[in-house]
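**Q** Structure file entry08.tsv (TSV, C-alpha atoms) is given on the next line.
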chain	number	residue	atom	x	y	z
L	21	MET	CA	-61.48	38.43	105.27
L	22	ASP	CA	-64.52	40.46	104.18
L	23	LEU	CA	-66.31	40.34	100.84
L	24	ASN	CA	-64.78	43.62	99.62
L	25	THR	CA	-61.27	42.30	100.22
L	26	VAL	CA	-62.06	39.12	98.30
L	27	LEU	CA	-63.59	41.10	95.42
L	28	GLU	CA	-60.59	43.42	95.32
L	29	PHE	CA	-58.21	40.44	95.19
L	30	LEU	CA	-60.20	38.77	92.40
L	31	LEU	CA	-60.36	41.93	90.31
L	32	LYS	CA	-56.68	42.68	90.84
L	33	GLY	CA	-55.83	39.09	89.92
L	34	LEU	CA	-57.84	39.41	86.72
L	35	ASP	CA	-56.09	42.68	85.90
L	36	THR	CA	-52.68	41.12	86.48
L	37	SER	CA	-53.56	38.02	84.48
L	38	ALA	CA	-54.99	39.85	81.46
L	39	PRO	CA	-51.70	40.81	79.69
L	40	ILE	CA	-50.46	37.23	79.96
L	41	ALA	CA	-53.84	35.83	78.89
L	42	PHE	CA	-54.21	38.01	75.79
L	43	ALA	CA	-50.68	37.12	74.66
L	44	ALA	CA	-51.38	33.43	75.37
L	45	LEU	CA	-54.51	33.59	73.20
L	46	GLY	CA	-52.39	35.05	70.42
L	47	GLY	CA	-49.91	32.22	70.87
L	48	VAL	CA	-52.72	29.67	70.59
L	49	PHE	CA	-53.83	31.00	67.19
L	50	SER	CA	-50.28	31.19	65.88
L	51	GLU	CA	-49.27	27.71	66.99
L	52	LYS	CA	-52.59	26.14	65.98
L	53	SER	CA	-51.66	27.24	62.45
L	54	GLY	CA	-48.30	25.51	62.79
L	55	VAL	CA	-46.08	28.54	63.51
L	56	PHE	CA	-44.20	28.81	66.80
L	57	ASN	CA	-44.14	32.42	67.97
L	58	ILE	CA	-41.67	32.98	70.79
L	59	ALA	CA	-41.59	36.66	69.80
L	60	LEU	CA	-44.66	37.42	71.96
L	61	GLU	CA	-42.42	39.14	74.51
L	62	GLY	CA	-40.89	41.43	71.89
L	63	ILE	CA	-44.22	42.22	70.26
L	64	MET	CA	-45.64	43.09	73.69
L	65	ILE	CA	-42.83	45.55	74.45
L	66	VAL	CA	-43.35	47.27	71.09
L	67	THR	CA	-47.13	47.50	71.53
L	68	ALA	CA	-46.70	48.72	75.12
L	69	PHE	CA	-44.55	51.55	73.79
L	70	ALA	CA	-46.87	52.20	70.85
L	71	ILE	CA	-49.99	52.66	72.97
L	72	ILE	CA	-48.27	55.44	74.94
L	73	TRP	CA	-46.74	57.06	71.88
L	74	GLY	CA	-49.97	56.81	69.88
L	75	SER	CA	-52.16	58.14	72.69
L	76	ILE	CA	-49.99	61.22	73.17
L	77	MET	CA	-49.49	61.75	69.43
L	78	PHE	CA	-53.19	61.47	68.51
L	79	GLY	CA	-54.65	62.73	71.79
L	80	SER	CA	-56.77	59.62	72.35
L	81	ILE	CA	-56.24	56.35	74.21
L	82	TRP	CA	-58.44	54.57	71.64
L	83	LEU	CA	-56.32	55.80	68.73
L	84	GLY	CA	-53.29	54.83	70.79
L	85	LEU	CA	-54.71	51.32	71.06
L	86	ALA	CA	-55.34	51.21	67.30
L	87	PHE	CA	-51.74	52.34	66.73
L	88	ALA	CA	-50.46	49.63	69.10
L	89	ILE	CA	-52.50	46.94	67.33
L	90	ILE	CA	-51.20	48.08	63.93
L	91	LEU	CA	-47.58	47.88	65.11
L	92	GLY	CA	-48.24	44.54	66.81
L	93	VAL	CA	-49.66	43.12	63.60
L	94	ALA	CA	-46.73	44.61	61.64
L	95	MET	CA	-44.23	42.90	63.96
L	96	ALA	CA	-46.12	39.62	63.63
L	97	ALA	CA	-46.16	40.08	59.85
L	98	ILE	CA	-42.36	40.18	59.85
L	99	HIS	CA	-42.32	36.86	61.70
L	100	ALA	CA	-44.85	35.39	59.26
L	101	LEU	CA	-42.94	36.64	56.22
L	102	VAL	CA	-39.64	35.24	57.45
L	103	THR	CA	-40.97	31.87	58.63
L	104	VAL	CA	-43.89	31.09	56.32
L	105	THR	CA	-42.70	32.64	53.05
L	106	TYR	CA	-38.93	32.29	53.43
L	107	LYS	CA	-39.07	29.27	55.76
L	108	VAL	CA	-36.48	30.50	58.23
L	109	ASP	CA	-36.33	28.53	61.49
L	110	GLN	CA	-39.20	29.80	63.63
L	111	ILE	CA	-37.25	29.84	66.89
L	112	VAL	CA	-34.40	31.81	65.30
L	113	SER	CA	-36.87	34.31	63.84
L	114	GLY	CA	-38.68	34.75	67.15
L	115	THR	CA	-35.43	35.25	69.05
L	116	ALA	CA	-34.24	37.83	66.53
L	117	LEU	CA	-37.55	39.71	66.78
L	118	ASN	CA	-37.31	39.80	70.58
L	119	ILE	CA	-33.84	41.34	70.38
L	120	LEU	CA	-34.94	43.77	67.65
L	121	ALA	CA	-38.03	44.83	69.60
L	122	PHE	CA	-36.15	45.84	72.74
L	123	GLY	CA	-33.63	47.81	70.70
L	124	VAL	CA	-36.27	49.54	68.57
L	125	ALA	CA	-38.37	50.50	71.61
L	126	ARG	CA	-35.37	52.06	73.39
L	127	PHE	CA	-34.27	53.83	70.20
L	128	LEU	CA	-37.74	55.28	69.60
L	129	SER	CA	-38.07	56.33	73.23
L	130	GLN	CA	-34.78	58.22	73.01
L	131	ASN	CA	-35.88	60.00	69.83
L	132	VAL	CA	-39.53	60.61	70.74
L	133	PHE	CA	-39.34	61.30	74.49
L	134	GLY	CA	-35.66	62.15	74.97
L	135	GLN	CA	-35.21	59.27	77.43
L	136	GLU	CA	-33.97	55.84	76.48
L	137	THR	CA	-35.55	53.82	79.26
L	138	GLN	CA	-38.95	55.43	79.85
L	139	SER	CA	-41.59	57.54	78.17
L	140	ALA	CA	-43.47	60.59	79.31
L	141	MET	CA	-46.63	60.01	81.35
L	142	ASN	CA	-49.71	59.29	79.28
L	143	PRO	CA	-52.55	61.64	80.32
L	144	TYR	CA	-55.13	59.50	78.54
L	145	ALA	CA	-56.63	56.37	80.08
L	146	PHE	CA	-59.24	53.69	79.42
L	147	PRO	CA	-62.42	53.67	81.49
L	148	SER	CA	-62.01	51.71	84.71
L	149	TRP	CA	-64.27	49.81	87.09
L	150	HIS	CA	-63.23	49.29	90.71
L	151	GLY	CA	-59.76	50.44	89.78
L	152	ILE	CA	-59.13	48.03	86.89
L	153	SER	CA	-59.24	48.63	83.14
L	154	VAL	CA	-62.37	47.70	81.24
L	155	PHE	CA	-60.11	45.71	78.94
L	156	SER	CA	-59.37	43.32	81.77
L	157	LEU	CA	-63.10	42.66	82.08
L	158	LEU	CA	-63.29	42.07	78.32
L	159	LEU	CA	-60.90	39.14	78.66
L	160	ILE	CA	-63.74	36.73	79.45
L	161	PRO	CA	-65.95	37.47	76.40
L	162	ILE	CA	-62.89	37.65	74.14
L	163	THR	CA	-61.79	34.23	75.39
L	164	ALA	CA	-65.26	32.83	74.61
L	165	LEU	CA	-65.11	34.42	71.15
L	166	ALA	CA	-61.64	32.95	70.53
L	167	TRP	CA	-62.90	29.48	71.48
L	168	PHE	CA	-65.93	29.86	69.20
L	169	VAL	CA	-63.83	31.03	66.25
L	170	LEU	CA	-61.31	28.23	66.71
L	171	TYR	CA	-63.75	25.35	67.16
L	172	LYS	CA	-67.08	26.40	65.66
L	173	THR	CA	-66.22	28.22	62.45
L	174	VAL	CA	-64.86	27.21	59.05
L	175	PHE	CA	-61.92	29.55	59.58
L	176	GLY	CA	-61.02	27.80	62.84
L	177	LEU	CA	-61.30	24.36	61.25
L	178	ARG	CA	-59.01	25.39	58.41
L	179	LEU	CA	-56.53	27.02	60.79
L	180	ARG	CA	-56.31	23.86	62.90
L	181	SER	CA	-56.05	21.64	59.82
L	182	VAL	CA	-52.95	23.42	58.48
L	183	GLY	CA	-51.35	23.07	61.90
L	184	GLU	CA	-52.02	19.35	62.02
L	185	ASN	CA	-51.61	18.21	58.43
L	186	PRO	CA	-50.86	20.97	55.91
L	187	GLU	CA	-50.42	18.48	53.05
L	188	SER	CA	-53.97	17.16	53.45
L	189	ALA	CA	-55.33	20.69	53.94
L	190	ASP	CA	-53.63	21.81	50.73
L	191	THR	CA	-55.10	18.82	48.89
L	192	LEU	CA	-58.58	19.97	49.99
L	193	GLY	CA	-57.95	23.42	48.54
L	194	ILE	CA	-57.09	25.26	51.75
L	195	ASN	CA	-54.49	28.00	51.32
L	196	VAL	CA	-51.86	26.93	53.86
L	197	VAL	CA	-49.80	30.10	53.53
L	198	LEU	CA	-52.83	32.37	54.01
L	199	MET	CA	-54.02	30.45	57.07
L	200	ARG	CA	-50.59	30.49	58.69
L	201	TYR	CA	-50.25	34.21	58.05
L	202	SER	CA	-53.68	34.68	59.62
L	203	GLY	CA	-52.73	32.79	62.77
L	204	VAL	CA	-49.51	34.75	63.24
L	205	LEU	CA	-51.17	38.11	62.56
L	206	ILE	CA	-53.87	37.36	65.14
L	207	SER	CA	-51.08	36.85	67.69
L	208	GLY	CA	-49.85	40.37	66.93
L	209	LEU	CA	-53.36	41.76	67.39
L	210	MET	CA	-53.69	40.00	70.75
L	211	CYS	CA	-50.39	41.46	71.90
L	212	GLY	CA	-51.86	44.89	71.13
L	213	LEU	CA	-54.73	44.09	73.50
L	214	ALA	CA	-52.19	42.87	76.06
L	215	ALA	CA	-50.55	46.30	75.93
L	216	ALA	CA	-53.90	47.90	76.74
L	217	VAL	CA	-53.97	46.20	80.14
L	218	LEU	CA	-50.25	46.17	80.96
L	219	TYR	CA	-49.32	49.69	82.11
L	220	PRO	CA	-50.95	52.12	79.68
L	221	SER	CA	-49.91	55.14	81.76
L	222	ARG	CA	-46.17	54.94	81.00
L	223	TRP	CA	-43.68	52.86	79.04
L	224	VAL	CA	-40.58	51.66	80.88
L	225	SER	CA	-37.84	49.56	79.30
L	226	GLY	CA	-38.28	45.91	80.27
L	227	MET	CA	-41.76	46.55	81.65
L	228	THR	CA	-43.14	43.31	80.19
L	229	GLY	CA	-41.05	41.45	82.76
L	230	GLY	CA	-41.11	38.16	80.88
L	231	ARG	CA	-44.89	38.05	80.54
L	232	GLY	CA	-44.61	37.06	76.89
L	233	PHE	CA	-42.57	34.01	77.88
L	234	ILE	CA	-44.97	33.19	80.72
L	235	ALA	CA	-47.77	33.41	78.12
L	236	LEU	CA	-46.00	30.69	76.15
L	237	ALA	CA	-45.85	28.56	79.29
L	238	ALA	CA	-49.56	29.20	79.91
L	239	MET	CA	-50.37	28.23	76.34
L	240	ILE	CA	-48.55	24.90	76.71
L	241	PHE	CA	-50.03	24.27	80.15
L	242	GLY	CA	-53.46	24.99	78.67
L	243	ARG	CA	-52.84	22.42	75.91
L	244	TRP	CA	-53.14	24.98	73.09
L	245	ASP	CA	-56.78	25.63	73.96
L	246	PRO	CA	-58.09	29.20	74.42
L	247	ILE	CA	-59.92	28.48	77.68
L	248	GLY	CA	-57.07	26.34	79.02
L	249	ALA	CA	-54.47	28.96	78.11
L	250	VAL	CA	-56.42	31.75	79.82
L	251	ALA	CA	-57.03	29.59	82.91
L	252	ALA	CA	-53.28	28.88	83.10
L	253	SER	CA	-52.56	32.60	82.65
L	254	MET	CA	-54.81	33.31	85.61
L	255	LEU	CA	-52.83	30.80	87.67
L	256	PHE	CA	-49.69	32.85	87.04
L	257	GLY	CA	-51.52	36.17	87.37
L	258	PHE	CA	-53.12	35.34	90.70
L	259	ALA	CA	-49.80	33.95	91.96
L	260	ASP	CA	-48.23	37.33	91.16
L	261	THR	CA	-51.14	39.14	92.83
L	262	ALA	CA	-50.69	37.05	95.96
L	263	ARG	CA	-47.00	37.84	95.86
L	264	ILE	CA	-47.72	41.58	95.70
L	265	ASN	CA	-50.27	41.42	98.53
L	266	PHE	CA	-48.21	39.30	100.91
L	267	GLU	CA	-44.66	40.25	99.97
L	268	SER	CA	-44.22	42.58	102.95
L	269	LYS	CA	-45.80	40.08	105.35
L	270	ILE	CA	-43.54	37.10	104.58
L	271	PRO	CA	-40.37	37.08	106.72
L	272	ILE	CA	-37.95	36.24	103.89
L	273	PRO	CA	-36.03	38.53	101.48
L	274	SER	CA	-38.40	40.17	99.01
L	275	GLN	CA	-36.29	38.99	96.05
L	276	PHE	CA	-37.23	35.38	96.80
L	277	VAL	CA	-40.91	36.28	96.98
L	278	GLN	CA	-40.67	38.12	93.64
L	279	MET	CA	-39.27	34.96	92.07
L	280	PHE	CA	-42.41	32.97	92.86
L	281	PRO	CA	-44.42	33.47	89.61
L	282	TYR	CA	-41.35	32.63	87.51
L	283	VAL	CA	-40.46	29.58	89.58
L	284	LEU	CA	-44.08	28.48	89.22
L	285	ALA	CA	-43.79	28.81	85.43
L	286	ILE	CA	-40.65	26.62	85.42
L	287	VAL	CA	-42.26	24.00	87.66
L	288	VAL	CA	-45.39	23.89	85.50
L	289	LEU	CA	-43.38	23.54	82.31
L	290	ALA	CA	-41.14	20.87	83.82
L	291	GLY	CA	-44.20	18.86	84.82
L	292	VAL	CA	-46.28	19.41	81.70
L	293	VAL	CA	-44.14	20.11	78.66
L	294	GLY	CA	-42.98	16.51	78.30
L	295	LYS	CA	-46.56	15.24	78.20
L	296	ALA	CA	-48.18	18.02	76.21
L	297	LYS	CA	-48.45	17.53	72.46
L	298	GLY	CA	-48.91	20.59	70.31
L	299	PRO	CA	-50.11	20.72	66.70
L	300	ALA	CA	-48.43	17.94	64.72
L	301	ALA	CA	-46.99	20.28	62.08
L	302	GLY	CA	-45.96	22.96	64.57
L	303	GLY	CA	-42.58	24.48	63.76
L	304	LYS	CA	-42.35	22.74	60.40
L	305	PRO	CA	-42.22	24.89	57.25
L	306	TYR	CA	-44.52	23.73	54.46
L	307	GLU	CA	-43.40	23.45	50.86
L	308	LYS	CA	-46.22	22.91	48.39
L	309	GLY	CA	-45.85	19.58	46.64
L	310	GLU	CA	-43.75	17.93	49.36
L	311	ASP	CA	-44.64	14.40	50.45
With the file now loaded, output its structure as structure tokens.
**A**
Amino acid sequence: MDLNTVLEFLLKGLDTSAPIAFAALGGVFSEKSGVFNIALEGIMIVTAFAIIWGSIMFGSIWLGLAFAIILGVAMAAIHALVTVTYKVDQIVSGTALNILAFGVARFLSQNVFGQETQSAMNPYAFPSWHGISVFSLLLIPITALAWFVLYKTVFGLRLRSVGENPESADTLGINVVLMRYSGVLISGLMCGLAAAVLYPSRWVSGMTGGRGFIALAAMIFGRWDPIGAVAASMLFGFADTARINFESKIPIPSQFVQMFPYVLAIVVLAGVVGKAKGPAAGGKPYEKGED
């Protein structure tokens, strides 16, 4: 195996991992604030549609990205409003948003592009290097920035404090509601970035292929740490890349080979989820003045 082949595999693996990794980073911020966000899959499908629609509508891939981020944040805001302000069960809210997102994306596709299950081709594209999007290469500095924000800034300290002990944080004058909203909204922004590296040339119904759920698995496997979550995302991404590269060379039905990344996610969760401990107040609504 020559150096070019190795480089191509590494770059392709990074490109495949990036959508999962960006969504996993969003999940880290949301859950560090104490809000479970299983709606990452739904937010990703909406932002994946929005980047195509926005690019064609505004005639720019960068404006398309801005449009996708805005819709991603708007979807996340719904989850924050329902769970933080109205204290609806976070799993129920996330499930409802996933269902809503798939329906809305198909409805908009029918009305905007005249086809329910796919959009028109997007003639606009991000710059690429060796065949992969520049956004995939930005994953590494963005991961470093996420780690710095979470562990080396006042904002990160406050975000983590409301996820661990919101009563104590409130006593110290930290606005628990604001911090939880911030964490959830950041997850929507990250899903917008995930859309930028998914398939920005065309939207197809179901194109996320469970990546939002795999991002949740990566987040847990990475112990709710930005670097750990991205490393776990790369495990799944490179497994999928290997599957793509060797699928035709393995003498078993292709359907079994295609199952590999998902089986890996189940195995990882089965081995880790029982031992992993997330933020202490994760999933618990906070009522000011409660003991």
**Q** Considering all atoms listed in the file, return as a short mmCIF file (atom, residue, chain, number, x, y, z; two decimals) with C-alpha atoms, keeping the file's coordinate frame whatever protein or nucleic-acid residues lie within 12 Å of Ile286 in chain L, sequence-local ones (same chain, fewer than 2 positions apart) excluded.
**A**
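So the final result, stored in around.cif, reads:
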data_model
loop_
_atom_site.label_atom_id
_atom_site.label_comp_id
_atom_site.auth_asym_id
_atom_site.auth_seq_id
_atom_site.Cartn_x
_atom_site.Cartn_y
_atom_site.Cartn_z
CA PHE L 233 -42.57 34.01 77.88
CA ILE L 234 -44.97 33.19 80.72
CA LEU L 236 -46.00 30.69 76.15
CA ALA L 237 -45.85 28.56 79.29
CA ALA L 238 -49.56 29.20 79.91
CA ILE L 240 -48.55 24.90 76.71
CA PHE L 241 -50.03 24.27 80.15
CA PHE L 256 -49.69 32.85 87.04
CA MET L 279 -39.27 34.96 92.07
CA PHE L 280 -42.41 32.97 92.86
CA PRO L 281 -44.42 33.47 89.61
CA TYR L 282 -41.35 32.63 87.51
CA VAL L 283 -40.46 29.58 89.58
CA LEU L 284 -44.08 28.48 89.22
CA VAL L 288 -45.39 23.89 85.50
CA LEU L 289 -43.38 23.54 82.31
CA ALA L 290 -41.14 20.87 83.82
CA GLY L 291 -44.20 18.86 84.82
CA VAL L 292 -46.28 19.41 81.70
CA VAL L 293 -44.14 20.11 78.66
#
**Q** Name the closest residue to Glu307 in chain L among the candidates L:Val104, L:Leu179, L:Leu158, L:Leu170; distances are taken between atoms, counting only C-alpha atoms.
**A**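 Distance minimum relative to Glu307 in chain L lands on L:Val104.
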**Q** Pick from L:Thr173, L:Thr25, L:Ser221, L:Ser202: nearest to Leu101 in chain L, with all atoms listed in the file counted?
**A**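 Of the candidates, the smallest distance to Leu101 in chain L is held by L:Ser202.
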**Q** Calculate how many Å separate CA of Ile89 in chain L from CA of Ala44 in chain L, rounding to one decimal.
**A**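 Value for the CA of Ile89 in chain L-CA of Ala44 in chain L distance: 15.8 Å.
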**Q** Let me have the centre and edge lengths of the axis-aligned box enclosing all listed atoms of range 60-70 of chain L with 5 Å padding on every side, in Å to one decimal, as AutoDock Vina command-line options.
**A**
--center_x -44.0 --center_y 44.8 --center_z 72.7 --size_x 16.2 --size_y 24.8 --size_z 14.9
**Q** Go through L:Ala59, L:Ile65, L:Ala301, L:Leu30 and flag the residue nearest Arg200 in chain L, using all atoms listed in the file for the distances.
**A**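 For Arg200 in chain L, the nearest of the given residues is L:Ala301.
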